[in-house]
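Structure data follow from upload-v6.cif (mmCIF, C-alpha atoms and all ligand atoms):
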data_data
#
loop_
_atom_site.label_atom_id
_atom_site.label_comp_id
_atom_site.auth_asym_id
_atom_site.auth_seq_id
_atom_site.Cartn_x
_atom_site.Cartn_y
_atom_site.Cartn_z
CA MET A 1 112.10 72.10 90.45
CA SER A 2 114.21 74.27 88.12
CA ASP A 3 117.73 73.29 87.13
CA ILE A 4 119.06 76.19 89.15
CA GLU A 5 117.29 75.04 92.31
CA THR A 6 118.59 71.50 91.86
CA LEU A 7 122.12 72.80 91.33
CA GLU A 8 121.86 74.99 94.41
CA GLN A 9 120.73 72.06 96.53
CA GLU A 10 123.59 69.91 95.29
CA LEU A 11 126.18 72.59 95.93
CA THR A 12 124.76 73.44 99.38
CA ALA A 13 124.96 69.78 100.35
CA LYS A 14 128.59 69.60 99.17
CA ILE A 15 129.49 72.71 101.17
CA ALA A 16 127.86 71.26 104.27
CA GLY A 17 129.72 68.01 103.73
CA ALA A 18 133.18 69.59 103.41
CA GLU A 19 135.08 68.59 106.55
CA THR A 20 138.33 70.44 105.94
CA GLU A 21 139.40 73.77 104.50
CA ALA A 22 141.04 71.90 101.59
CA ALA A 23 137.83 69.98 100.80
CA LEU A 24 135.88 73.23 100.92
CA GLU A 25 138.34 74.84 98.53
CA ASP A 26 137.76 71.95 96.08
CA VAL A 27 134.00 72.58 96.27
CA ARG A 28 134.57 76.27 95.62
CA VAL A 29 136.75 75.64 92.55
CA ALA A 30 134.25 73.09 91.20
CA ALA A 31 131.40 75.60 91.54
CA LEU A 32 132.80 79.12 91.15
CA GLY A 33 136.22 78.50 89.59
CA LYS A 34 136.86 79.43 85.93
CA LYS A 35 135.57 76.06 84.78
CA GLY A 36 133.15 75.55 87.69
CA VAL A 37 129.53 74.57 87.15
CA VAL A 38 128.13 77.96 88.06
CA SER A 39 130.68 79.77 85.88
CA GLU A 40 129.87 77.46 82.96
CA GLN A 41 126.17 78.28 83.35
CA MET A 42 126.95 81.99 83.36
CA LYS A 43 128.76 81.56 80.04
CA THR A 44 125.53 80.26 78.42
CA LEU A 45 123.78 83.61 79.10
CA GLY A 46 125.34 85.15 75.97
CA LYS A 47 123.67 82.66 73.67
CA MET A 48 120.20 83.07 75.17
CA SER A 49 117.32 85.05 73.72
CA PRO A 50 116.89 88.46 75.39
CA GLU A 51 113.74 87.32 77.24
CA LYS A 52 115.37 84.15 78.56
CA ARG A 53 118.45 86.11 79.55
CA LYS A 54 116.33 88.58 81.51
CA GLU A 55 114.97 85.68 83.53
CA MET A 56 118.15 83.58 83.87
CA GLY A 57 120.64 86.43 84.45
CA PRO A 58 119.37 87.48 87.88
CA ALA A 59 118.64 83.87 88.84
CA LEU A 60 122.22 82.75 88.10
CA ASN A 61 123.71 85.82 89.71
CA GLY A 62 121.64 85.16 92.82
CA LEU A 63 122.85 81.55 92.86
CA LYS A 64 126.46 82.64 92.52
CA THR A 65 126.16 85.10 95.40
CA ARG A 66 124.42 82.65 97.73
CA ILE A 67 126.95 79.90 97.05
CA ALA A 68 129.87 82.28 97.59
CA GLU A 69 128.34 83.40 100.91
CA ALA A 70 127.70 79.84 102.04
CA ILE A 71 131.32 78.92 101.27
CA GLU A 72 132.61 81.95 103.17
CA ALA A 73 130.45 81.13 106.21
CA LYS A 74 131.57 77.50 106.20
CA LYS A 75 135.20 78.63 105.87
CA THR A 76 134.93 80.78 109.01
CA LYS A 77 133.35 77.88 110.86
CA LEU A 78 136.15 75.49 109.84
CA GLU A 79 138.83 78.04 110.79
CA ASP A 80 137.25 78.57 114.21
CA ALA A 81 137.05 74.82 114.77
CA ALA A 82 140.70 74.42 113.72
CA LEU A 83 141.76 77.16 116.15
CA ASP A 84 139.75 75.59 118.97
CA ALA A 85 141.38 72.25 118.27
CA ARG A 86 144.84 73.84 118.34
CA LEU A 87 144.12 75.69 121.56
CA ALA A 88 142.94 72.46 123.15
CA THR A 89 146.02 70.47 122.16
CA GLU A 90 148.87 73.01 122.20
CA LYS A 91 149.16 73.54 125.93
CA VAL A 92 152.23 74.97 127.62
CA ASP A 93 152.75 73.48 131.04
CA ILE A 94 154.14 76.42 132.99
CA THR A 95 154.57 74.24 136.05
CA LEU A 96 157.34 72.28 134.35
CA PRO A 97 160.76 72.79 135.93
CA VAL A 98 163.04 75.15 134.00
CA ALA A 99 165.28 73.27 131.58
CA PRO A 100 168.96 73.43 132.66
CA ASP A 101 170.06 75.13 129.42
CA VAL A 102 167.55 78.00 129.63
CA LYS A 103 169.56 81.18 129.12
CA GLY A 104 167.10 83.89 130.25
CA LYS A 105 168.28 86.41 132.83
CA ILE A 106 166.36 88.66 135.20
CA HIS A 107 166.89 92.34 134.36
CA PRO A 108 168.68 94.33 137.10
CA VAL A 109 165.62 96.63 137.39
CA SER A 110 163.35 93.65 138.11
CA GLN A 111 165.95 92.25 140.49
CA ALA A 112 166.30 95.55 142.37
CA THR A 113 162.50 95.90 142.55
CA GLU A 114 162.17 92.44 144.08
CA GLU A 115 164.95 93.17 146.57
CA ILE A 116 163.35 96.47 147.61
CA ILE A 117 159.97 94.77 148.05
CA ALA A 118 161.59 92.00 150.11
CA ILE A 119 163.11 94.57 152.48
CA PHE A 120 159.94 96.62 152.95
CA SER A 121 157.77 93.50 153.25
CA ALA A 122 159.94 92.44 156.17
CA MET A 123 159.22 95.84 157.75
CA GLY A 124 155.47 95.23 157.38
CA PHE A 125 154.73 97.19 154.20
CA ASP A 126 152.12 95.99 151.67
CA VAL A 127 152.65 96.27 147.90
CA VAL A 128 150.18 98.38 145.89
CA GLU A 129 150.17 99.29 142.19
CA GLY A 130 148.48 101.97 140.07
CA PRO A 131 147.96 102.94 136.42
CA ASP A 132 150.75 104.30 134.15
CA ILE A 133 148.26 106.63 132.44
CA GLU A 134 146.98 109.17 134.93
CA ASP A 135 144.85 112.26 135.06
CA ASP A 136 145.93 115.69 136.18
CA PHE A 137 144.06 115.37 139.48
CA HIS A 138 145.96 112.33 140.79
CA ASN A 139 149.38 113.24 139.33
CA PHE A 140 149.34 116.94 140.33
CA THR A 141 146.27 118.64 141.79
CA ALA A 142 145.55 116.30 144.70
CA LEU A 143 149.29 116.30 145.46
CA ASN A 144 149.07 120.02 146.19
CA PHE A 145 150.62 121.27 142.94
CA PRO A 146 148.97 124.67 142.50
CA GLU A 147 147.29 125.31 139.12
CA ASP A 148 149.88 126.89 136.74
CA HIS A 149 152.60 126.57 139.38
CA PRO A 150 156.12 126.09 137.96
CA ALA A 151 156.41 122.91 140.02
CA ARG A 152 154.30 121.25 137.31
CA GLU A 153 157.00 122.19 134.78
CA MET A 154 159.62 120.50 137.00
CA HIS A 155 158.30 117.20 135.77
CA ASP A 156 158.65 117.49 131.95
CA THR A 157 155.35 115.73 131.54
CA PHE A 158 154.31 113.65 128.51
CA PHE A 159 150.71 114.71 127.83
CA PHE A 160 148.16 112.99 125.61
CA GLU A 161 146.02 114.90 123.09
CA PRO A 162 143.35 116.95 124.89
CA LYS A 163 139.92 115.36 125.23
CA GLU A 164 136.73 117.16 124.14
CA ASP A 165 136.38 118.83 127.52
CA GLY A 166 139.97 120.15 127.20
CA SER A 167 141.43 117.87 129.91
CA ARG A 168 144.57 115.92 129.07
CA MET A 169 145.58 112.48 130.32
CA LEU A 170 149.30 112.04 130.95
CA LEU A 171 151.98 109.45 131.59
CA ARG A 172 152.52 109.59 135.34
CA THR A 173 155.68 111.52 136.19
CA HIS A 174 156.06 109.76 139.53
CA THR A 175 154.44 106.98 141.58
CA SER A 176 153.01 109.54 144.04
CA PRO A 177 149.50 109.52 142.42
CA VAL A 178 149.07 106.05 143.92
CA GLN A 179 149.43 107.67 147.37
CA ILE A 180 146.26 109.61 146.52
CA ARG A 181 144.45 106.55 145.16
CA THR A 182 145.27 104.61 148.32
CA MET A 183 144.43 107.34 150.86
CA MET A 184 141.09 107.99 149.14
CA ASN A 185 140.14 104.33 149.37
CA GLU A 186 141.67 103.01 152.58
CA LYS A 187 141.53 104.00 156.20
CA PRO A 188 144.82 104.44 158.08
CA PRO A 189 146.99 102.92 159.37
CA ILE A 190 148.54 102.71 155.91
CA ARG A 191 151.94 101.21 155.26
CA ILE A 192 152.60 100.58 151.58
CA VAL A 193 155.24 100.50 148.87
CA ILE A 194 154.29 101.17 145.24
CA PRO A 195 156.68 99.94 142.53
CA GLY A 196 156.10 101.05 138.94
CA ARG A 197 157.06 102.74 135.71
CA THR A 198 157.30 106.53 135.54
CA PHE A 199 157.86 108.89 132.60
CA ARG A 200 159.56 112.24 132.02
CA CYS A 201 160.80 113.91 128.85
CA ASP A 202 164.50 113.70 129.79
CA SER A 203 167.56 111.75 128.62
CA ASP A 204 171.24 111.63 129.65
CA GLN A 205 173.67 109.35 131.54
CA THR A 206 171.45 109.31 134.66
CA HIS A 207 168.01 110.10 133.13
CA THR A 208 165.82 108.12 130.73
CA PRO A 209 162.31 109.03 129.47
CA MET A 210 160.94 105.91 131.18
CA PHE A 211 162.30 104.96 134.56
CA HIS A 212 161.17 103.16 137.69
CA GLN A 213 160.25 104.27 141.16
CA VAL A 214 159.18 102.72 144.41
CA GLU A 215 156.94 105.01 146.38
CA GLY A 216 156.56 104.53 150.11
CA LEU A 217 153.69 105.81 152.22
CA VAL A 218 153.04 105.52 155.94
CA ILE A 219 150.00 107.16 157.55
CA ASP A 220 149.18 106.78 161.21
CA HIS A 221 148.33 108.85 164.28
CA GLU A 222 151.87 109.60 165.36
CA THR A 223 154.32 109.32 162.53
CA HIS A 224 157.31 111.64 162.49
CA MET A 225 160.51 112.54 160.69
CA GLY A 226 162.48 110.15 162.94
CA HIS A 227 160.46 107.22 161.59
CA LEU A 228 161.16 108.42 158.06
CA LYS A 229 164.92 108.66 158.58
CA GLY A 230 165.14 105.40 160.51
CA THR A 231 163.19 103.51 157.86
CA LEU A 232 165.26 104.85 154.97
CA GLU A 233 168.60 104.31 156.67
CA ALA A 234 167.64 100.75 157.58
CA PHE A 235 166.56 100.25 153.99
CA ALA A 236 169.86 101.58 152.58
CA LYS A 237 171.93 99.24 154.79
CA ALA A 238 169.83 96.21 153.89
CA PHE A 239 169.68 97.01 150.19
CA PHE A 240 173.33 97.81 149.55
CA GLU A 241 174.43 94.93 151.77
CA VAL A 242 177.27 97.14 153.02
CA ASP A 243 177.33 98.19 156.69
CA THR A 244 179.45 101.22 155.94
CA VAL A 245 176.94 102.69 153.46
CA LYS A 246 176.85 106.48 153.84
CA THR A 247 173.57 108.37 153.61
CA ARG A 248 172.94 112.12 153.60
CA PHE A 249 169.67 114.05 153.86
CA ARG A 250 169.43 117.44 152.15
CA PRO A 251 166.51 119.86 152.56
CA HIS A 252 164.46 120.04 149.37
CA PHE A 253 161.05 121.10 148.10
CA PHE A 254 158.08 118.98 147.01
CA PRO A 255 154.56 120.43 146.95
CA PHE A 256 153.17 117.29 148.60
CA THR A 257 155.54 117.02 151.58
CA GLU A 258 156.54 119.47 154.32
CA PRO A 259 159.29 119.37 155.38
CA SER A 260 160.89 117.71 152.36
CA ALA A 261 164.33 116.22 151.80
CA GLU A 262 166.42 114.29 149.34
CA MET A 263 168.57 111.36 150.37
CA ASP A 264 171.98 110.77 148.77
CA ILE A 265 174.23 107.71 148.89
CA GLY A 266 177.99 108.12 149.14
CA TYR A 267 179.99 106.35 146.43
CA GLU A 268 183.24 106.34 144.52
CA ARG A 269 183.98 105.79 140.83
CA VAL A 270 187.01 103.62 140.15
CA GLY A 271 187.59 103.51 136.41
CA ASN A 272 184.26 102.47 134.99
CA GLU A 273 183.13 100.96 138.28
CA ILE A 274 180.94 102.34 141.05
CA ARG A 275 181.74 101.51 144.70
CA ILE A 276 179.45 102.06 147.68
CA GLY A 277 180.58 102.80 151.23
CA GLN A 278 183.72 104.67 150.23
CA GLY A 279 184.73 107.81 148.37
CA ASP A 280 183.29 111.30 148.52
CA LYS A 281 180.80 111.43 145.65
CA TRP A 282 177.04 111.56 146.34
CA MET A 283 174.20 110.23 144.21
CA GLU A 284 170.64 111.29 144.91
CA ILE A 285 168.43 108.22 145.15
CA LEU A 286 165.15 109.42 146.62
CA GLY A 287 162.88 112.30 147.57
CA CYS A 288 160.96 112.18 150.82
CA GLY A 289 159.15 114.15 153.49
CA MET A 290 156.19 114.40 155.82
CA VAL A 291 152.88 114.23 153.94
CA HIS A 292 151.56 117.80 153.48
CA PRO A 293 148.35 118.56 155.45
CA ASN A 294 146.69 119.71 152.20
CA VAL A 295 147.31 116.29 150.64
CA LEU A 296 145.71 114.57 153.64
CA LYS A 297 142.73 116.94 153.35
CA ASN A 298 142.44 116.33 149.59
CA CYS A 299 142.07 112.63 150.41
CA GLY A 300 139.46 113.17 153.12
CA LEU A 301 141.84 112.60 156.06
CA ASP A 302 141.94 114.97 159.03
CA PRO A 303 145.49 116.40 159.40
CA ASP A 304 144.86 116.94 163.12
CA GLU A 305 144.28 113.24 163.51
CA TYR A 306 146.72 111.71 161.04
CA GLN A 307 150.33 112.29 160.03
CA GLY A 308 152.53 110.41 157.67
CA PHE A 309 155.71 110.22 155.67
CA ALA A 310 156.32 109.40 152.04
CA PHE A 311 159.29 108.75 149.81
CA GLY A 312 159.92 108.12 146.13
CA LEU A 313 162.99 106.03 145.32
CA GLY A 314 164.61 105.76 141.87
CA ILE A 315 164.95 102.02 141.29
CA ASP A 316 167.21 102.37 138.24
CA ARG A 317 169.54 104.66 140.21
CA VAL A 318 169.94 102.26 143.13
CA ALA A 319 170.42 99.34 140.74
CA MET A 320 173.25 101.28 139.01
CA LEU A 321 174.89 101.96 142.36
CA LYS A 322 174.49 98.49 143.78
CA TYR A 323 175.53 96.48 140.74
CA GLY A 324 178.13 99.00 139.50
CA ILE A 325 176.43 99.77 136.19
CA PRO A 326 177.92 102.97 134.76
CA ASP A 327 175.25 104.16 132.27
CA LEU A 328 171.52 104.20 132.89
CA ARG A 329 170.68 104.17 129.18
CA ASP A 330 172.09 100.61 128.82
CA PHE A 331 169.19 99.41 130.98
CA PHE A 332 166.82 99.97 128.09
CA ALA A 333 169.06 99.13 125.11
CA ALA A 334 167.78 95.51 125.00
CA ASP A 335 171.33 94.22 124.45
CA ALA A 336 171.41 90.46 125.12
CA ARG A 337 175.14 90.47 125.97
CA TRP A 338 174.63 93.26 128.49
CA LEU A 339 171.80 91.31 130.11
CA GLU A 340 173.90 88.15 130.13
CA HIS A 341 176.57 90.08 132.06
CA TYR A 342 174.44 92.17 134.43
CA GLY A 343 171.33 89.95 134.66
CA PHE A 344 170.34 87.59 137.48
CA ASP A 345 169.45 83.93 137.69
CA ALA A 346 165.69 83.45 137.32
CA LEU A 347 165.66 80.85 140.09
CA ASP A 348 167.23 83.11 142.74
CA GLN A 349 164.36 84.79 144.55
CA PRO A 350 165.66 87.75 146.57
CA SER A 351 164.87 87.35 150.26
CA LEU A 352 166.36 88.71 153.45
CA TRP A 353 167.01 85.27 154.94
CA ALA A 354 168.64 83.68 151.87
CA GLY A 355 170.45 86.86 150.78
CA LEU A 356 169.18 89.56 148.42
CA SER A 357 171.57 89.26 145.48
CA ARG A 358 173.86 86.29 145.33
N1 LIG B 1 157.46 112.08 143.72
C1 LIG B 1 158.74 112.66 143.97
C2 LIG B 1 159.56 112.65 142.68
O1 LIG B 1 159.32 111.83 141.85
C3 LIG B 1 159.48 111.90 145.05
C4 LIG B 1 158.80 111.97 146.38
C5 LIG B 1 157.88 111.02 146.75
C6 LIG B 1 159.12 113.00 147.26
C7 LIG B 1 157.28 111.08 148.00
C8 LIG B 1 158.51 113.08 148.48
C9 LIG B 1 157.60 112.12 148.86
O2 LIG B 1 160.42 113.45 142.48
#

Take the structure in the file and write it out as structure tokens.
Amino acid sequence: MSDIETLEQELTAKIAGAETEAALEDVRVAALGKKGVVSEQMKTLGKMSPEKRKEMGPALNGLKTRIAEAIEAKKTKLEDAALDARLATEKVDITLPVAPDVKGKIHPVSQATEEIIAIFSAMGFDVVEGPDIEDDFHNFTALNFPEDHPAREMHDTFFFEPKEDGSRMLLRTHTSPVQIRTMMNEKPPIRIVIPGRTFRCDSDQTHTPMFHQVEGLVIDHETHMGHLKGTLEAFAKAFFEVDTVKTRFRPHFFPFTEPSAEMDIGYERVGNEIRIGQGDKWMEILGCGMVHPNVLKNCGLDPDEYQGFAFGLGIDRVAMLKYGIPDLRDFFAADARWLEHYGFDALDQPSLWAGLSR
């Protein structure tokens, strides 16, 4: 056996025997480091006769490469094993009770969402979710937005780069596309609420580029405007926890409902504070209406057999009103002091029987 083969066997055995990354590094330095055995051998090439060098050069280079590869492979193996060991030992027990000094607070948007869900659950609604990134069909076309109709502009849509076929994905401008997803997949009766993030290119005291909606959808044989109004008025009373809450319906236009309306809540601004159930100011909190026959048809439902109502509620808006938060933009400023002040206790689960927000 040549010297090179013997050396290779020795080094391979050492690499295999290295149990830790540090031990492996020692082997590497001893072989390939400046004064390592392989490096020392390489240095002898210069003093060899040209014939010998022709033979030994490639042989030594081959040895060097194979040893370096073997060390690299062993290193990956050791790293993987170390990670596995860490994953096995470093467990977080999420069932542990919360430590008394934990400071985290629930964001008012999460709180309001939970409260809204609690109210509609008690009325027999299920919760459904859908994707933030939508296609044109679900966000617009199936909702009866005509091609090139200005109603599409109403939404200040964030579009993605066009795909090869020219179609563009988008950030959903409302939670209404989940109406379509549900009606296409489920048979009525349908009674759902859909909480989620929505996106429009807009920013001022009452608009942010990302905001939250809860969509509502009811489809059954005999559903009418009275059900819509009754449901939303009952919701407003329960949510604002004020019996004197004032609501107002104004006629409006949405391509996917007919007739359509917007609902406002009466409030008053005292200094920097917002008060519900008094005053003569109105804030729009939701759009609603009877599901348009075309939308039912687009989802494969017969408009002569089924009717329904839908609404889309701005969660951030109702949270501002209910908790007296003057500027919507603060919701997304990630200011820990703001959250400390306006946030909610993580252990208080909103429910109708224990009280929504204590
Ligand atoms: N999607 C509408 C919006 O975001 C709200 C809406 C939902 C209106 C359902 C009617 C019915 O403006």

Next on the checklist: Can you pull out the residues contacting segment 348-352 of chain A? Cut-off 7 Å, using all atoms listed in the file, and skip same-chain residues under 2 positions away; I want them as a ChimeraX atom specification.
Outcome noted: /A:114-115,118-119,345-346,354-357

- Message: Taking all atoms listed in the file into account, name the residue in A:Ala336, A:Ile194, A:Val270, A:Leu347 that is nearest to ligand LIG 1 (chain B).
- Response: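 Among the listed residues, the smallest separation from ligand LIG 1 (chain B) belongs to A:Ile194.
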
Handout entry: Neighbour residues at most 10 Å from (153.0, 117.8, 157.1) (only C-alpha atoms) as a PyMOL selection string
Key = chain A and resi 224-225+256-260+289-296+303+306-309

Limited to C-alpha atoms, could you put the picked residues into a file as a PDB file, in the coordinates of the input?
ATOM      1  CA  HIS A 224     157.310 111.640 162.490  1.00  0.00           C
ATOM      2  CA  MET A 225     160.510 112.540 160.690  1.00  0.00           C
ATOM      3  CA  PHE A 256     153.170 117.290 148.600  1.00  0.00           C
ATOM      4  CA  THR A 257     155.540 117.020 151.580  1.00  0.00           C
ATOM      5  CA  GLU A 258     156.540 119.470 154.320  1.00  0.00           C
ATOM      6  CA  PRO A 259     159.290 119.370 155.380  1.00  0.00           C
ATOM      7  CA  SER A 260     160.890 117.710 152.360  1.00  0.00           C
ATOM      8  CA  GLY A 289     159.150 114.150 153.490  1.00  0.00           C
ATOM      9  CA  MET A 290     156.190 114.400 155.820  1.00  0.00           C
ATOM     10  CA  VAL A 291     152.880 114.230 153.940  1.00  0.00           C
ATOM     11  CA  HIS A 292     151.560 117.800 153.480  1.00  0.00           C
ATOM     12  CA  PRO A 293     148.350 118.560 155.450  1.00  0.00           C
ATOM     13  CA  ASN A 294     146.690 119.710 152.200  1.00  0.00           C
ATOM     14  CA  VAL A 295     147.310 116.290 150.640  1.00  0.00           C
ATOM     15  CA  LEU A 296     145.710 114.570 153.640  1.00  0.00           C
ATOM     16  CA  PRO A 303     145.490 116.400 159.400  1.00  0.00           C
ATOM     17  CA  TYR A 306     146.720 111.710 161.040  1.00  0.00           C
ATOM     18  CA  GLN A 307     150.330 112.290 160.030  1.00  0.00           C
ATOM     19  CA  GLY A 308     152.530 110.410 157.670  1.00  0.00           C
ATOM     20  CA  PHE A 309     155.710 110.220 155.670  1.00  0.00           C
TER      21      PHE A 309
END

Near-ligand residues for ligand LIG 1 (chain B), threshold 8 Å, only C-alpha atoms and all ligand atoms, as a PDB file with C-alpha atoms, in the coordinates of the input:
ATOM      1  CA  HIS A 155     158.300 117.200 135.770  1.00  0.00           C
ATOM      2  CA  THR A 173     155.680 111.520 136.190  1.00  0.00           C
ATOM      3  CA  HIS A 174     156.060 109.760 139.530  1.00  0.00           C
ATOM      4  CA  THR A 175     154.440 106.980 141.580  1.00  0.00           C
ATOM      5  CA  SER A 176     153.010 109.540 144.040  1.00  0.00           C
ATOM      6  CA  GLN A 213     160.250 104.270 141.160  1.00  0.00           C
ATOM      7  CA  GLU A 215     156.940 105.010 146.380  1.00  0.00           C
ATOM      8  CA  GLY A 216     156.560 104.530 150.110  1.00  0.00           C
ATOM      9  CA  LEU A 217     153.690 105.810 152.220  1.00  0.00           C
ATOM     10  CA  PHE A 254     158.080 118.980 147.010  1.00  0.00           C
ATOM     11  CA  PHE A 256     153.170 117.290 148.600  1.00  0.00           C
ATOM     12  CA  THR A 257     155.540 117.020 151.580  1.00  0.00           C
ATOM     13  CA  SER A 260     160.890 117.710 152.360  1.00  0.00           C
ATOM     14  CA  ALA A 261     164.330 116.220 151.800  1.00  0.00           C
ATOM     15  CA  GLU A 262     166.420 114.290 149.340  1.00  0.00           C
ATOM     16  CA  LEU A 286     165.150 109.420 146.620  1.00  0.00           C
ATOM     17  CA  GLY A 287     162.880 112.300 147.570  1.00  0.00           C
ATOM     18  CA  CYS A 288     160.960 112.180 150.820  1.00  0.00           C
ATOM     19  CA  GLY A 289     159.150 114.150 153.490  1.00  0.00           C
ATOM     20  CA  MET A 290     156.190 114.400 155.820  1.00  0.00           C
ATOM     21  CA  VAL A 291     152.880 114.230 153.940  1.00  0.00           C
ATOM     22  CA  PHE A 309     155.710 110.220 155.670  1.00  0.00           C
ATOM     23  CA  ALA A 310     156.320 109.400 152.040  1.00  0.00           C
ATOM     24  CA  PHE A 311     159.290 108.750 149.810  1.00  0.00           C
ATOM     25  CA  GLY A 312     159.920 108.120 146.130  1.00  0.00           C
ATOM     26  CA  LEU A 313     162.990 106.030 145.320  1.00  0.00           C
TER      27      LEU A 313
END

Quiz prompt | Option closest in space to Met263 of chain A, from A:Asp93, A:Glu233, A:Asp132, A:Glu241 [counting all atoms listed in the file] | solution =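 Counting all atoms listed in the file, the residue closest to Met263 of chain A is A:Glu233.
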
Of A:Ile265, A:Val245, A:Met169, A:Val318, the one nearest to Phe211 of chain A when counting only C-alpha atoms is A:Val318

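A straight line drawn from atom CA of Asp148 of chain A to atom CA of Pro209 of chain A is 22.9 Å long.
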
Discussion item. So that I can see what lies close to Phe137 of chain A, please list as a PyMOL selection string the residues with an atom at most 10 Å from it, counting only C-alpha atoms and leaving out residues fewer than 6 positions away in the same chain.
Written reply: chain A and resi 143-145+169+177+180

Next item on the list: Please identify all polymer residues within 12 Å of Gln41 of chain A, counting all atoms listed in the file, omitting same-chain residues fewer than 5 positions from it, and present them as a ChimeraX atom specification.
Entry: /A:3-4,7,31-36,46-48,53,56-57,59-61,63-64

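At a cut-off of 7 Å from (164.5, 97.1, 155.6), the residue set is Ile119, Phe120, Ala122, Met123, Thr231, Ala234, Phe235 and Ala238 of chain A (counting all atoms listed in the file).
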
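Minimum distance to Ala22 of chain A across A:Ser39, A:Lys75, A:Glu161, A:Ala68 (counting all atoms listed in the file) occurs at A:Lys75.
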
Check: So how far away is atom CA of Gly104 of chain A from atom CA of Ile325 of chain A, in Å?
Finding: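 Result for atom CA of Ile325 of chain A versus atom CA of Gly104 of chain A: 19.4 Å, one decimal.
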
message = Report, in Å to a single decimal, how far apart atom CA of Phe331 of chain A and atom CA of Ile106 of chain A are.
response =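 It comes out at 11.9 Å.
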
Residues at most 9 Å from Thr206 of chain A, counting all atoms listed in the file, excluding those fewer than 5 positions away in the same chain, as a PDB file with C-alpha atoms, in the frame of the given file?
ATOM      1  CA  ASP A 316     167.210 102.370 138.240  1.00  0.00           C
ATOM      2  CA  ARG A 317     169.540 104.660 140.210  1.00  0.00           C
ATOM      3  CA  ASP A 327     175.250 104.160 132.270  1.00  0.00           C
ATOM      4  CA  LEU A 328     171.520 104.200 132.890  1.00  0.00           C
ATOM      5  CA  ARG A 329     170.680 104.170 129.180  1.00  0.00           C
TER       6      ARG A 329
END

Exercise for review: Name the closest residue to Arg181 of chain A among the candidates A:Ala142, A:Ala18, A:Val127, A:Ile285; distances are taken between atoms, counting all atoms listed in the file.
Suggested key: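 The closest residue to Arg181 of chain A is A:Ala142.
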
Would you please work out which residue, of A:Phe332, A:Ile190, A:Phe159, A:Glu8, is nearest to Ala70 of chain A when using all atoms listed in the file?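 For Ala70 of chain A, the nearest of the given residues is A:Glu8.
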